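Chemist: Below you'll find the structure I mean.
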Amino acid sequence: MSSVTSSSPAPRRVLDWRLRFGALALVWGFSFLFMKVGTESFAPFQVTLGRLVFGTAVLAVVMAVKRERLPRGARTWAHLAVAGFLLNALPFSLFAYSELTIPSSLAGICNATSPLWGMALSLVALSEDRPTRLRVAGLGIGFLGVLTVLGVWQGFHGLDVTGTAPALLASLSYPVGWIYVRRTLTGSRHSHLSLTGAQLLLATLQLAVVTPLSTSMPSHFPVLPVLAVAALGALGTGLAFLIQYDLVAEVGPTTAQMVTYFTPVIATAAGVALLGESLTWSTPAGAAVVLAGAALTQARPRAPRPAESARPARERQKATA
């Protein structure tokens with residue numbers, strides 16, 4: 001999805017971007033705790049459906065206040081349906097399912113592998129985004145970090161594959177969705193808010209069809225899990241998307257996406273402190289290696305200095321004189 005540049009001055013924000021950055025890291029980090037609490041009473045599809053309903057409601061209210069309209073065109077809606085599946089319905093459901101058997105802290109660390117998957121996919125899917133040696137090294141380092149988290153030296157003893165595999169697949173779904181959006185919706189005349197609102201709406205409809213077919217209606221609605229699902233949707237999805245796009249518009253995507261490196265730290269701290277999840281040394285150590293590798297995969301080549309970029313032009317002028 002493209003951003004629209006304007007020569008008019010940017011609107012004055014009430015809160016400094018650093019505070020909004022911290023708020024985004026908190027709500028995304030606590031999202032894994034909210035999922036864990038929600039799945040204690042509801043099926044994964046039900047948690048995801050509730051998350052999407054509350055998230056879509058937040059964006060609908062904001063769109064109504066700003067008088068934003070949903071995008072038009074069957075082709076745009078078809079692309080948004082695929083984006084909603086890859087970026088919302090599928091990964092949200094996979095993470096909720098994974099937390100039936102693995103700690104929320106491990107799910108948060110698996111989420112941090114998204115930049116690694118994105119780097120690997122860019123090797124074959126994005127010809128205009130050629131990797132540098134530094135970024136390839138980051139991919140290798142991040143892979144070693146994943147093996148550390150999973151305890152490869154123990155032969156993966158005690159690893160819950162049924163929980164860890166869906167979490168890793170969920171983190172893979174994000175870059176697949178981003179590549180799809182980049183190829184199909186970049187340059188759209190519609191605003192980010194309009195596209196995201198429609199995307200979440202379509203993802204909600206997808207889960208609204210699947211959930212009744214695969215689960216039965218809950219017999220009771222405990223207060224704490226209901227509040228967790230509501231917070232997961234309203235804060236971890238609706239509000240988080242609004243903060244994210246606001247940060248991208250103000251400080252750029254490179255700085256805004258650094259929030260990914262704080263999310264697993266907060267998810268781990270919340271899981272250990274509030275849910276009493278156990279933590280071995282390999283989990284934080286491996287997570288640190290994963291984050292270091294992910295940071296390297298996002299490194300961009302140094303832009304040439306003005307003097308360096310001007311030199312070839314002067315040499316061409318001498319050659320043609």
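Following the order of the structure tokens, first chain is A, next is B, and so on, with residues numbered from 1 inside each chain and ligands from 1 in the order they appear.
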Can you pull out the residues contacting Leu169 in chain A? Cut-off 10 Å, using only C-alpha atoms, and skip same-chain residues under 4 positions away; I want them as a PDB file with C-alpha atoms, in the first residue's frame.

Modeler:
```pdb
ATOM      1  CA  LEU A  90      -4.589 -17.003   8.570  1.00  0.00           C
ATOM      2  CA  PRO A  91      -1.780 -15.762  10.866  1.00  0.00           C
ATOM      3  CA  LEU A  94      -2.431 -19.957  13.500  1.00  0.00           C
ATOM      4  CA  PHE A  95      -1.052 -17.990  16.442  1.00  0.00           C
ATOM      5  CA  CYS A 110       8.306 -16.982  16.579  1.00  0.00           C
ATOM      6  CA  ASN A 111       6.605 -13.811  15.392  1.00  0.00           C
ATOM      7  CA  THR A 113      11.118 -14.456  12.520  1.00  0.00           C
ATOM      8  CA  SER A 114       8.916 -12.613   9.997  1.00  0.00           C
ATOM      9  CA  TRP A 117      11.113 -15.177   6.143  1.00  0.00           C
ATOM     10  CA  THR A 164       5.611 -24.239  17.283  1.00  0.00           C
ATOM     11  CA  ALA A 165       5.042 -25.116  13.611  1.00  0.00           C
ATOM     12  CA  SER A 173       2.265 -15.694   6.221  1.00  0.00           C
ATOM     13  CA  TYR A 174       2.992 -12.023   6.957  1.00  0.00           C
TER      14      TYR A 174
END
```

Chemist: If you run DSSP on this backbone, which residues of range 128-236 of chain A come out as helix (DSSP H, G or I), and could you give them as a PyMOL selection string?

Modeler: chain A and resi 133-150+152-154+161-184+192-214+223-236

Chemist: Counting only C-alpha atoms, what is within 12 Å of Ala292 in chain A, bar same-chain residues fewer than 3 positions away, as a ChimeraX atom specification?

Modeler: /A:112-113,115-116,134-135,137-146,258,260-262,285-289,295-299

Chemist: Closest to Ala25 in chain A among A:Val290, A:Ala240, A:Val272, A:Ala78, using only C-alpha atoms?

Modeler: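 Looking only at the distances to Ala25 in chain A, the closest residue turns out to be A:Ala240.
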
Chemist: Give me the residues of range 81-108 of chain A that have any atom at most 7 Å from an atom of range 44-48 of chain A; for each, the nearest atom pair and the distance in Å, rounded to one decimal. Use only C-alpha atoms, sort by chain and number, and format it as a Markdown table.

Modeler:
```
| residue | atom | partner | partner_atom | distance |
| --- | --- | --- | --- | --- |
| A:Phe92 | CA | A:Thr48 | CA | 5.9 |
| A:Ser93 | CA | A:Thr48 | CA | 5.6 |
| A:Ala96 | CA | A:Pro44 | CA | 4.9 |
| A:Tyr97 | CA | A:Pro44 | CA | 5.2 |
```

Chemist: I need the chosen residues saved as a PDB file, in the first residue's frame, with C-alpha atoms.

Modeler:
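File part.pdb, as written:
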```pdb
ATOM      1  CA  PHE A  92      -4.155 -14.673  13.631  1.00  0.00           C
ATOM      2  CA  SER A  93      -5.767 -18.130  13.613  1.00  0.00           C
ATOM      3  CA  ALA A  96      -4.226 -18.614  18.457  1.00  0.00           C
ATOM      4  CA  TYR A  97      -4.016 -22.326  17.667  1.00  0.00           C
TER       5      TYR A  97
END
```

Chemist: Report as a Markdown table the residues of range 42-70 of chain A within 6 Å of range 192-214 of chain A, each with its shortest atom pair and distance in Å (one decimal), using only C-alpha atoms, ordered by chain and increasing residue number.

Modeler:
```
| residue | atom | partner | partner_atom | distance |
| --- | --- | --- | --- | --- |
| A:Phe45 | CA | A:Thr211 | CA | 5.6 |
| A:Leu49 | CA | A:Leu207 | CA | 5.6 |
| A:Leu52 | CA | A:Thr204 | CA | 5.4 |
| A:Thr56 | CA | A:Leu200 | CA | 5.7 |
| A:Leu59 | CA | A:Gly197 | CA | 5.8 |
| A:Leu70 | CA | A:Ser194 | CA | 5.3 |
```

Chemist: Taking 3 positions as the minimum chain separation for residues in the same chain, which residues sit within 9 Å of Leu279 in chain A when counting only C-alpha atoms? Answer as a PyMOL selection string.

Modeler: chain A and resi 105+268+272+282-284

Chemist: For the selection just defined, write its residues with N, CA and C atoms to a file, as a compact mmCIF listing (two decimals), in the first residue's frame.

Modeler:
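This is the output file part-v8.txt:
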```
# COMPACT_ATOMS: atom_id res chain seq x y z
N SER A 105 5.11 -16.54 25.30
CA SER A 105 6.43 -15.97 25.07
C SER A 105 7.09 -16.60 23.84
N THR A 268 7.60 -11.88 26.02
CA THR A 268 8.27 -12.80 26.95
C THR A 268 8.12 -12.31 28.40
N VAL A 272 6.04 -14.39 31.34
CA VAL A 272 6.73 -14.87 32.54
C VAL A 272 6.15 -14.21 33.79
N SER A 282 18.06 -20.70 26.91
CA SER A 282 18.14 -20.72 25.46
C SER A 282 17.06 -19.86 24.80
N THR A 283 15.96 -19.64 25.48
CA THR A 283 14.88 -18.85 24.88
C THR A 283 15.27 -17.38 24.71
N PRO A 284 15.67 -16.67 25.78
CA PRO A 284 16.09 -15.27 25.56
C PRO A 284 17.37 -15.15 24.76
```

Chemist: Check the smallest atom-to-atom distance from each of A:Leu100, A:Ala57, A:Ala270, A:Leu224 to Val161 in chain A using only C-alpha atoms, then report the winner.

Modeler: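 Result for the nearest residue to Val161 in chain A: A:Leu100.
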
Chemist: So what do you get for CA of His79 in chain A versus CA of Leu24 in chain A, distance-wise?

Modeler: 26.8 Å

Chemist: What is the distance between CA of Val226 in chain A and CA of Glu277 in chain A, in Å to one decimal?

Modeler: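 We find that CA of Val226 in chain A and CA of Glu277 in chain A lie 21.3 Å from each other.
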